[in-house]
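S.K.: Take a look at this one; I'll ask things after.
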Amino acid sequence: MCIRDRECISINKEGTILYQDKKGYEDYWRKHQKSPIARDIWMLRPGQTSRYEKQTTFIGEDREPVWAPDGKSFYYLSEENGTFNVYQRTPGSDTSKQVTHHKQHPVRFLSMASNGNLCYGFDGEIYTLAPGGKPQKVSVKILSDRNDKDLIRQIKTSGATEMAVSPDGKEAVSYTHLRAHETELHL
């Protein structure tokens, strides 16, 4: 079974494969691309006589298929109504249901959890969508260590109140108490 020139492969419990084709080169980030090389969703039923079945016919981009947990329908991204949004379709059907209705910016990076929750990117944010629910923006908080430029480099020759040396003797740390609520740690 050759899966060359196929992208974004999703396999259901029965082994049926969904994928987006790649007919030619077009920048993956290009929006509103309508041409004969626009990506489509295909289904492959492997077996003694494998069957390939085209699932989408929109002249623009259809991409990133993921099977629903029951394996009876699938979700994908399409620009069918202007900008990339999430759609749901049953294999072999001529119709799809638009699931998200974002405007202006494209939906990207579609994935699905085993419980049916969708996850995707939109306008620089991460969203989840529970079955039958509304999209919810995921709160992301990024913590980081202090930047090197924030450190004050000093050479101290006195004032350490405690000191420890690593077992291999290659590193040392000292602790200095300056005044109430101020301490220094030196490596």
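Labels used: A, B, ... for chains in the order of the structure tokens, numbers from 1 for residues in each chain, and numbers from 1 for ligands as shown.
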Could you name the residues that touch region 77-79 of chain A at 10 Å or less, counting only C-alpha atoms, but leaving out those on the same chain fewer than 2 positions away, as a PyMOL selection string?

M.R.: chain A and resi 31-34+39-41+56+58-66+75+81-88+98-100+106-110+120

S.K.: Out of region 92-155 of chain A, which residues get strand (DSSP E) from DSSP, as number ranges by chain?

M.R.: A: 97-98, 107-112, 118-122, 125-129, 136-137

S.K.: Do a neighbour search on Leu118 (chain A) at 10 Å with only C-alpha atoms, toss out local chain neighbours closer than 4 positions, and write the hits as a list in words.

M.R.: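 After dropping sequence-adjacent residues, the list is Val66, Ala68, Tyr75, Val86, Leu110, Ser111, Met112, Ala113, Ser114, Tyr127, Thr128, Leu129, Ala130, Pro131 and Pro135 of chain A.
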
S.K.: Taking only C-alpha atoms into account, which of A:Pro46, A:Phe122, A:Asp27, A:Ser174 comes nearest Gly159 (chain A)?

M.R.: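 For Gly159 (chain A), the nearest of the candidates is A:Ser174.
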
S.K.: Could you state the separation of CA of Gln104 (chain A) and CA of Cys119 (chain A) in Å, given to one decimal place?

M.R.: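 Taking CA of Gln104 (chain A) and CA of Cys119 (chain A), their separation equals 18.9 Å.
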
S.K.: Could you pull the residues within 7 Å of Gln55 (chain A), counting only C-alpha atoms, minus those fewer than 2 positions along the same chain, as an NGL selection string?

M.R.: :A and (41-43 or 53 or 57 or 91-92)

S.K.: Report, in Å with one decimal, the straight-line distance from CA of Lys103 (chain A) to CA of Glu80 (chain A).

M.R.: 12.6 Å

S.K.: Measure the distance from CA of Thr16 (chain A) to CA of Arg45 (chain A) in Å and round it to one decimal.

M.R.: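 Taking CA of Thr16 (chain A) as the start and CA of Arg45 (chain A) as the end point, the length is 5.0 Å.
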